[in-house]
Every structure is written in structure tokens, then in C-alpha cells.
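Asker: File input04.pdb follows (PDB, C-alpha atoms and all ligand atoms):
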```pdb
ATOM      1  CA  MET A 253     208.871-163.858-222.118
ATOM      2  CA  GLN A 254     208.910-166.998-220.011
ATOM      3  CA  ASN A 255     208.070-170.183-221.903
ATOM      4  CA  VAL A 256     204.500-170.999-220.925
ATOM      5  CA  ASP A 257     201.703-172.716-222.774
ATOM      6  CA  ILE A 258     198.298-171.093-223.045
ATOM      7  CA  ARG A 259     195.198-173.276-223.210
ATOM      8  CA  ALA A 260     191.477-172.664-223.006
ATOM      9  CA  ALA A 261     190.009-172.798-219.510
ATOM     10  CA  THR A 262     187.654-175.696-218.812
ATOM     11  CA  PRO A 263     185.054-176.456-216.119
ATOM     12  CA  THR A 264     187.691-178.419-214.169
ATOM     13  CA  ASP A 265     189.780-175.245-213.726
ATOM     14  CA  ARG A 266     187.404-173.838-211.139
ATOM     15  CA  GLU A 267     189.687-174.506-208.175
ATOM     16  CA  PHE A 268     192.638-172.891-209.927
ATOM     17  CA  LEU A 269     190.508-169.899-210.899
ATOM     18  CA  VAL A 270     189.602-169.548-207.229
ATOM     19  CA  ASP A 271     193.356-169.607-206.460
ATOM     20  CA  MET A 272     193.858-166.793-208.971
ATOM     21  CA  LEU A 273     190.882-164.835-207.627
ATOM     22  CA  VAL A 274     192.545-165.039-204.218
ATOM     23  CA  GLU A 275     195.736-163.644-205.809
ATOM     24  CA  ALA A 276     193.797-160.832-207.484
ATOM     25  CA  VAL A 277     192.033-159.797-204.263
ATOM     26  CA  ASN A 278     195.281-160.024-202.272
ATOM     27  CA  TRP A 279     197.405-158.063-204.738
ATOM     28  CA  LEU A 280     198.481-155.793-201.859
ATOM     29  CA  PRO A 281     201.129-157.680-199.848
ATOM     30  CA  GLU A 282     199.592-156.554-196.553
ATOM     31  CA  ARG A 283     196.152-157.792-197.581
ATOM     32  CA  ASN A 284     195.847-161.442-196.716
ATOM     33  CA  TRP A 285     192.254-162.554-197.035
ATOM     34  CA  SER A 286     191.717-166.277-196.820
ATOM     35  CA  ARG A 287     190.173-168.324-199.575
ATOM     36  CA  GLU A 288     187.212-168.989-197.275
ATOM     37  CA  GLN A 289     186.682-165.269-196.593
ATOM     38  CA  ILE A 290     186.784-164.474-200.285
ATOM     39  CA  LEU A 291     184.381-167.252-201.268
ATOM     40  CA  ALA A 292     182.039-166.241-198.448
ATOM     41  CA  ASN A 293     181.882-162.686-199.849
ATOM     42  CA  PRO A 294     179.308-162.534-202.671
ATOM     43  CA  ALA A 295     181.070-159.497-204.200
ATOM     44  CA  PHE A 296     184.070-161.731-204.919
ATOM     45  CA  ALA A 297     182.498-165.182-205.161
ATOM     46  CA  HIS A 298     180.327-164.240-208.133
ATOM     47  CA  TYR A 299     183.416-164.142-210.363
ATOM     48  CA  VAL A 300     183.696-167.935-210.059
ATOM     49  CA  THR A 301     180.294-169.207-208.856
ATOM     50  CA  GLY A 302     179.035-171.969-211.127
ATOM     51  CA  TRP A 303     182.135-171.874-213.338
ATOM     52  CA  MET A 304     181.911-172.606-216.201
ATOM     53  CA  ARG A 305     178.797-170.985-217.689
ATOM     54  CA  PRO A 306     178.155-171.090-221.433
ATOM     55  CA  ASP A 307     179.174-167.450-221.873
ATOM     56  CA  ASP A 308     182.269-167.637-219.634
ATOM     57  CA  VAL A 309     185.576-167.242-221.479
ATOM     58  CA  GLY A 310     188.959-168.039-219.972
ATOM     59  CA  VAL A 311     192.549-168.991-220.594
ATOM     60  CA  VAL A 312     195.134-170.694-218.395
ATOM     61  CA  ALA A 313     198.917-170.448-218.582
ATOM     62  CA  THR A 314     200.736-173.697-217.759
ATOM     63  CA  GLN A 315     204.340-174.652-217.132
ATOM     64  CA  PRO A 316     205.979-177.073-217.264
ATOM     65  CA  ALA A 317     203.567-179.017-219.370
ATOM     66  CA  VAL A 318     200.443-178.910-217.210
ATOM     67  CA  ARG A 319     201.030-177.035-213.965
ATOM     68  CA  PRO A 320     198.885-173.917-214.054
ATOM     69  CA  VAL A 321     200.695-170.690-213.246
ATOM     70  CA  GLY A 322     198.092-168.094-214.156
ATOM     71  CA  ALA A 323     194.624-167.517-215.556
ATOM     72  CA  ALA A 324     192.520-164.774-217.077
ATOM     73  CA  TRP A 325     188.789-165.029-217.520
ATOM     74  CA  LEU A 326     185.766-162.990-218.499
ATOM     75  CA  ARG A 327     182.388-163.199-216.886
ATOM     76  CA  HIS A 328     179.086-161.538-217.673
ATOM     77  CA  LEU A 329     177.656-160.093-214.484
ATOM     78  CA  THR A 330     174.381-158.225-214.381
ATOM     79  CA  ALA A 331     172.973-154.973-213.031
ATOM     80  CA  ALA A 332     171.233-157.084-210.376
ATOM     81  CA  ASP A 333     174.568-158.544-209.224
ATOM     82  CA  PRO A 334     177.241-156.199-210.593
ATOM     83  CA  GLY A 335     180.987-156.728-210.371
ATOM     84  CA  TYR A 336     183.403-154.019-209.230
ATOM     85  CA  GLY A 337     184.046-153.187-212.889
ATOM     86  CA  TYR A 338     180.459-153.521-214.102
ATOM     87  CA  VAL A 339     179.456-151.264-217.008
ATOM     88  CA  SER A 340     176.722-153.205-218.791
ATOM     89  CA  ASP A 341     175.142-156.670-218.932
ATOM     90  CA  ASP A 342     176.677-157.248-222.369
ATOM     91  CA  VAL A 343     180.221-156.284-221.332
ATOM     92  CA  PRO A 344     182.046-159.133-219.562
ATOM     93  CA  GLU A 345     184.467-158.303-216.752
ATOM     94  CA  LEU A 346     188.070-159.480-216.557
ATOM     95  CA  THR A 347     189.678-161.284-213.640
ATOM     96  CA  ILE A 348     193.394-162.120-213.909
ATOM     97  CA  GLY A 349     195.996-163.628-211.629
ATOM     98  CA  VAL A 350     199.484-165.104-211.899
ATOM     99  CA  ARG A 351     201.131-167.173-209.176
ATOM    100  CA  GLN A 352     203.447-164.948-207.190
ATOM    101  CA  SER A 353     206.655-166.707-208.209
ATOM    102  CA  TRP A 354     205.714-166.284-211.868
ATOM    103  CA  ARG A 355     204.946-162.581-211.864
ATOM    104  CA  GLY A 356     206.905-160.005-213.816
ATOM    105  CA  ARG A 357     207.933-162.474-216.517
ATOM    106  CA  GLY A 358     205.386-161.621-219.178
ATOM    107  CA  VAL A 359     202.772-164.255-218.303
ATOM    108  CA  GLY A 360     200.095-161.708-217.378
ATOM    109  CA  ARG A 361     200.403-159.839-220.642
ATOM    110  CA  VAL A 362     200.213-163.082-222.658
ATOM    111  CA  LEU A 363     197.151-164.234-220.702
ATOM    112  CA  LEU A 364     195.443-160.877-221.167
ATOM    113  CA  ARG A 365     196.034-160.877-224.911
ATOM    114  CA  ALA A 366     194.933-164.509-225.184
ATOM    115  CA  VAL A 367     191.635-164.086-223.340
ATOM    116  CA  LEU A 368     190.819-160.979-225.383
ATOM    117  CA  ASP A 369     191.594-162.904-228.591
ATOM    118  CA  VAL A 370     189.183-165.670-227.561
ATOM    119  CA  ALA A 371     186.499-163.131-226.679
ATOM    120  CA  ARG A 372     186.985-161.230-229.937
ATOM    121  CA  ALA A 373     186.621-164.469-231.878
ATOM    122  CA  ARG A 374     183.319-165.043-230.076
ATOM    123  CA  GLY A 375     182.074-161.622-231.125
ATOM    124  CA  THR A 376     182.558-159.771-227.839
ATOM    125  CA  GLY A 377     182.851-156.036-228.458
ATOM    126  CA  ARG A 378     183.979-154.617-225.145
ATOM    127  CA  VAL A 379     185.563-155.894-221.940
ATOM    128  CA  SER A 380     185.676-154.132-218.571
ATOM    129  CA  LEU A 381     187.702-154.453-215.383
ATOM    130  CA  SER A 382     188.213-152.816-212.022
ATOM    131  CA  VAL A 383     191.696-152.042-210.789
ATOM    132  CA  GLU A 384     192.844-150.377-207.627
ATOM    133  CA  ARG A 385     194.794-147.323-208.745
ATOM    134  CA  ALA A 386     197.969-148.235-206.846
ATOM    135  CA  ASN A 387     198.222-151.598-208.639
ATOM    136  CA  PHE A 388     200.846-151.622-211.414
ATOM    137  CA  ALA A 389     198.423-153.790-213.350
ATOM    138  CA  ALA A 390     196.640-150.540-214.315
ATOM    139  CA  GLY A 391     199.630-149.700-216.539
ATOM    140  CA  LEU A 392     199.470-153.120-218.175
ATOM    141  CA  TYR A 393     195.769-152.650-218.895
ATOM    142  CA  ALA A 394     196.316-149.170-220.350
ATOM    143  CA  ALA A 395     199.110-150.494-222.563
ATOM    144  CA  GLU A 396     196.747-153.199-223.828
ATOM    145  CA  GLY A 397     194.022-150.742-224.808
ATOM    146  CA  PHE A 398     191.903-150.271-221.680
ATOM    147  CA  ARG A 399     190.722-146.744-220.909
ATOM    148  CA  THR A 400     189.338-145.413-217.621
ATOM    149  CA  VAL A 401     185.596-144.809-217.872
ATOM    150  CA  GLU A 402     184.777-144.258-214.186
ATOM    151  CA  SER A 403     186.850-143.452-211.110
ATOM    152  CA  PHE A 404     186.070-144.263-207.503
ATOM    153  CA  GLU A 405     188.011-143.410-204.346
ATOM    154  CA  ASN A 406     190.750-146.022-204.810
ATOM    155  CA  ALA A 407     189.818-147.835-207.981
ATOM    156  CA  ASP A 408     189.147-147.197-211.643
ATOM    157  CA  THR A 409     186.798-148.976-214.006
ATOM    158  CA  MET A 410     188.493-149.503-217.363
ATOM    159  CA  VAL A 411     187.019-150.648-220.676
ATOM    160  CA  ALA A 412     188.660-151.915-223.860
ATOM    161  CA  ASP A 413     186.977-151.943-227.241
ATOM    162  CA  ILE A 414     188.328-155.184-228.680
ATOM    163  CA  ARG A 415     186.527-155.209-232.002
ATOM    164  CA  ALA A 416     189.019-156.032-234.728
TER     165      ALA A 416
HETATM  166  C1  LIG B   1     198.692-158.265-212.423
HETATM  167  C2  LIG B   1     199.305-159.563-212.919
HETATM  168  C3  LIG B   1     198.202-160.461-213.450
HETATM  169  C4  LIG B   1     200.251-159.213-214.098
HETATM  170  O1  LIG B   1     200.862-160.395-214.526
HETATM  171  P1  LIG B   1     202.475-160.466-214.617
HETATM  172  O2  LIG B   1     202.801-161.754-215.276
HETATM  173  O3  LIG B   1     203.065-160.193-213.294
HETATM  174  O4  LIG B   1     202.765-159.219-215.600
HETATM  175  P2  LIG B   1     203.785-159.155-216.808
HETATM  176  O5  LIG B   1     205.078-159.789-216.437
HETATM  177  O6  LIG B   1     203.103-159.647-218.045
HETATM  178  O7  LIG B   1     204.059-157.586-216.897
HETATM  179  C5  LIG B   1     203.219-156.725-217.627
HETATM  180  C6  LIG B   1     203.661-155.276-217.365
HETATM  181  O8  LIG B   1     203.372-154.922-216.030
HETATM  182  C7  LIG B   1     204.439-154.113-215.507
HETATM  183  N1  LIG B   1     205.004-154.786-214.345
HETATM  184  C8  LIG B   1     205.190-156.114-214.176
HETATM  185  N2  LIG B   1     205.641-156.361-212.924
HETATM  186  C9  LIG B   1     205.752-155.151-212.327
HETATM  187  C10 LIG B   1     206.138-154.733-211.022
HETATM  188  N3  LIG B   1     206.512-155.611-210.075
HETATM  189  N4  LIG B   1     206.096-153.414-210.742
HETATM  190  C11 LIG B   1     205.693-152.521-211.664
HETATM  191  N5  LIG B   1     205.312-152.860-212.913
HETATM  192  C12 LIG B   1     205.343-154.151-213.235
HETATM  193  C13 LIG B   1     205.429-153.906-216.583
HETATM  194  O9  LIG B   1     205.087-152.688-217.232
HETATM  195  C14 LIG B   1     205.165-155.049-217.510
HETATM  196  O10 LIG B   1     205.430-154.693-218.822
HETATM  197  P3  LIG B   1     206.927-154.889-219.419
HETATM  198  O11 LIG B   1     207.270-156.320-219.220
HETATM  199  O12 LIG B   1     206.750-154.501-220.844
HETATM  200  O13 LIG B   1     207.805-153.977-218.636
HETATM  201  C15 LIG B   1     200.108-160.311-211.808
HETATM  202  O14 LIG B   1     201.203-159.523-211.402
HETATM  203  C16 LIG B   1     199.263-160.671-210.589
HETATM  204  O15 LIG B   1     198.667-161.740-210.537
HETATM  205  N6  LIG B   1     199.223-159.770-209.585
HETATM  206  C17 LIG B   1     198.439-160.016-208.383
HETATM  207  C18 LIG B   1     196.961-160.088-208.692
HETATM  208  C19 LIG B   1     196.435-158.822-209.364
HETATM  209  O16 LIG B   1     196.867-157.710-209.093
HETATM  210  N7  LIG B   1     195.464-159.034-210.281
HETATM  211  C20 LIG B   1     194.837-157.944-210.987
HETATM  212  C21 LIG B   1     193.822-157.282-210.137
HETATM  213  S1  LIG B   1     193.059-155.957-211.051
END
```
Let me see whether you can do it: turn the structure in this file into C-alpha cells.
Answerer:
Amino acid sequence: MQNVDIRAATPTDREFLVDMLVEAVNWLPERNWSREQILANPAFAHYVTGWMRPDDVGVVATQPAVRPVGAAWLRHLTAADPGYGYVSDDVPELTIGVRQSWRGRGVGRVLLRAVLDVARARGTGRVSLSVERANFAAGLYAAEGFRTVESFENADTMVADIRA
């Protein structure tokens, strides 16, 4: 595993979280949506709007020292404004992204475990996510305890029970 530091996300990380949201949306190399397009689309923007709310949970990987290279965060969305991986108002949804040049070196797995640890410590019972089936990230999520609870044409909703 690459040597990165993990710290708690703060309100000032919003811009970097937007960077990582852009990475998550554009996981397919041929998909190249601009930051402006993504922020103008409410279905994506609501993962970062008003960051950081009291019940938002996030972690950031940095290297060297302070440069952020990846982030994972959890957000409670509601039935009135559901995320792609929405299952319930009390189940926060994961967003995760690692800068391209840092992928495949273990940062994503460390971030995922770290954000789930923080959530568990706060008493969160379950976490959901949406992943397009062709994305290798689905294998990472399965290996870390997420199970498919609903399948759509190209994407699965996965849930992990993170209670200790
Ligand atoms: C998905 C993402 C967050 C994973 O982070 P990462 O740092 O690249 O992943 P890791 O290095 O921790 O790898 C975790 C596992 O994924 C798999 N994996 C990693 N890179 C892979 C690749 N290029 N192809 C296939 N599998 C791969 C491996 O199984 C790996 O486990 P292993 O190291 O035990 O073999 C990151 O690649 C990313 O930001 N991708 C673009 C955005 C995205 O897809 N976000 C998620 C949307 S649901």
C-alpha cells in the first residue's frame, strides 16, 4: 500500500470533494463531463451541496504531507431527493474517488475502510452506494462487505451492514 495519510474531512474540503465527485462520475474513460455540467445536475450536485452538514462523514487521503489524493464520504439523502444508491433516509450513501495517477495503489481500499470506521464509531448501522456494473470498484465494495440489494439496467445498489 502506498504511504498516504488519512485525515477527517472538513468543511474546507468541499472543492476537493467536488474534484473527486467529478472522478467518480467520469470513471469511464470515454465519459468526460465537465465540473460545471456535474454541478449543474441536481442528481450529482446533491452529494456535495452545502458540504459539510452535521451528519456528513468523510475522510481524505493526503500525500505528501497535505496534498489530497483521494476522498470518501457519506451523505444522508432523503426519499424526496434520493441518490442513485438511495435505500432509506437513515442509510447514508458513499461517494469515493482517487486521483487518476494514484489509483490501483491501495488508496481506495484504505479510504473506504476509514470512512466506514468513522461512521461505525458514530453509530451508523448501514451504508449504501450505487456502482455501474462494469466498474471494477464493484469488486472492491463486495470484498469490503457490500451486497447487492437492487439491480438496475447498468448499475447495482449495494449495502453494507457495518455494525461491529
Ligand atoms: C474506485 C476507486 C475509488 C478505487 O480506488 P483505488 O485506489 O484505485 O483502488 P485500490 O488500489 O484500493 O484497489 C482496490 C481493489 O480494486 C481492484 N482494482 C484496483 N485497480 C483495478 C483496475 N485497474 N482494474 C481492475 N481491478 C482493480 C483490485 O481488486 C484491488 O484490490 P487488490 O489491491 O487487493 O488487488 C478509484 O479507482 C477511482 O477513483 N476510480 C474512479 C472513480 C470511481 O469509479 N468511483 C467509484 C464510483 S462507484
Asker: Counting all atoms listed in the file, what is within 9 Å of Ala386 (chain A), bar same-chain residues fewer than 3 positions away, as number ranges by chain?
Answerer: A: 383, 389-390, 406-407
Asker: Would you place a box with edges along x, y and z of the file around all atoms of ligand LIG 1 (chain B) listed there, add 4 Å to each of its six sides, and report the centre and edge lengths in Å to one decimal, as JSON?
Answerer:
```
{"center_x": 200.4, "center_y": -157.1, "center_z": -214.6, "size_x": 22.7, "size_y": 17.2, "size_z": 20.5}
```
Asker: What would the list of residues within 12 Å of (181.5, -159.5, -227.5) (file frame) look like as an NGL selection string, if all atoms listed in the file are what count?
Answerer: :A and (307-309 or 326-328 or 340-345 or 367-380 or 412-416)
Asker: Around ligand LIG 1 (chain B), out to 6 Å and counting all atoms listed in the file, which residues are there? I want them as a count of residues only.
Answerer: 18
Asker: If we count all atoms listed in the file and set the cut-off at 12 Å, which residues sit around Ala313 (chain A), ignoring sequence neighbours fewer than 2 positions away in its own chain? Please answer as number ranges by chain.
Answerer: A: 254-261, 265, 268-269, 272, 310-311, 315-325, 348-351, 354-355, 358-367
Asker: Could you check which of A:Glu267, A:Gln289, A:Arg385, A:Phe398 is closest to Thr301 (chain A), using only C-alpha atoms?
Answerer: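 Of all the options, A:Glu267 lies closest to Thr301 (chain A).
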Asker: Translate the PyMOL selection byres (((chain A and resi 337) around 9) and not hetatm), as applied to the file shown, into an explicit residue set as a list in words.
Answerer: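 With the PyMOL selection byres (((chain A and resi 337) around 9) and not hetatm) on this model, the match is Pro334, Gly335, Tyr336, Tyr338, Val339, Glu345, Leu346, Ser380, Leu381, Ser382, Val383, Asp408, Thr409, Met410 and Val411 of chain A.
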Asker: Report, in Å to a single decimal, how far apart CA of Asn284 (chain A) and CA of Thr330 (chain A) are.
Answerer: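 Atom-to-atom, CA of Thr330 (chain A) and CA of Asn284 (chain A) are spaced 28.0 Å apart.
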Asker: For the atom pair CA of Ile290 (chain A) and CA of Glu384 (chain A), what is the interatomic distance in Å to one decimal place?
Answerer: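 Atom-to-atom, CA of Ile290 (chain A) and CA of Glu384 (chain A) are spaced 17.0 Å apart.
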Asker: Report the distance between CA of Leu280 (chain A) and CA of Gly391 (chain A) in Å, rounded to one decimal place.
Answerer: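 Value for the CA of Leu280 (chain A)-CA of Gly391 (chain A) distance: 15.9 Å.
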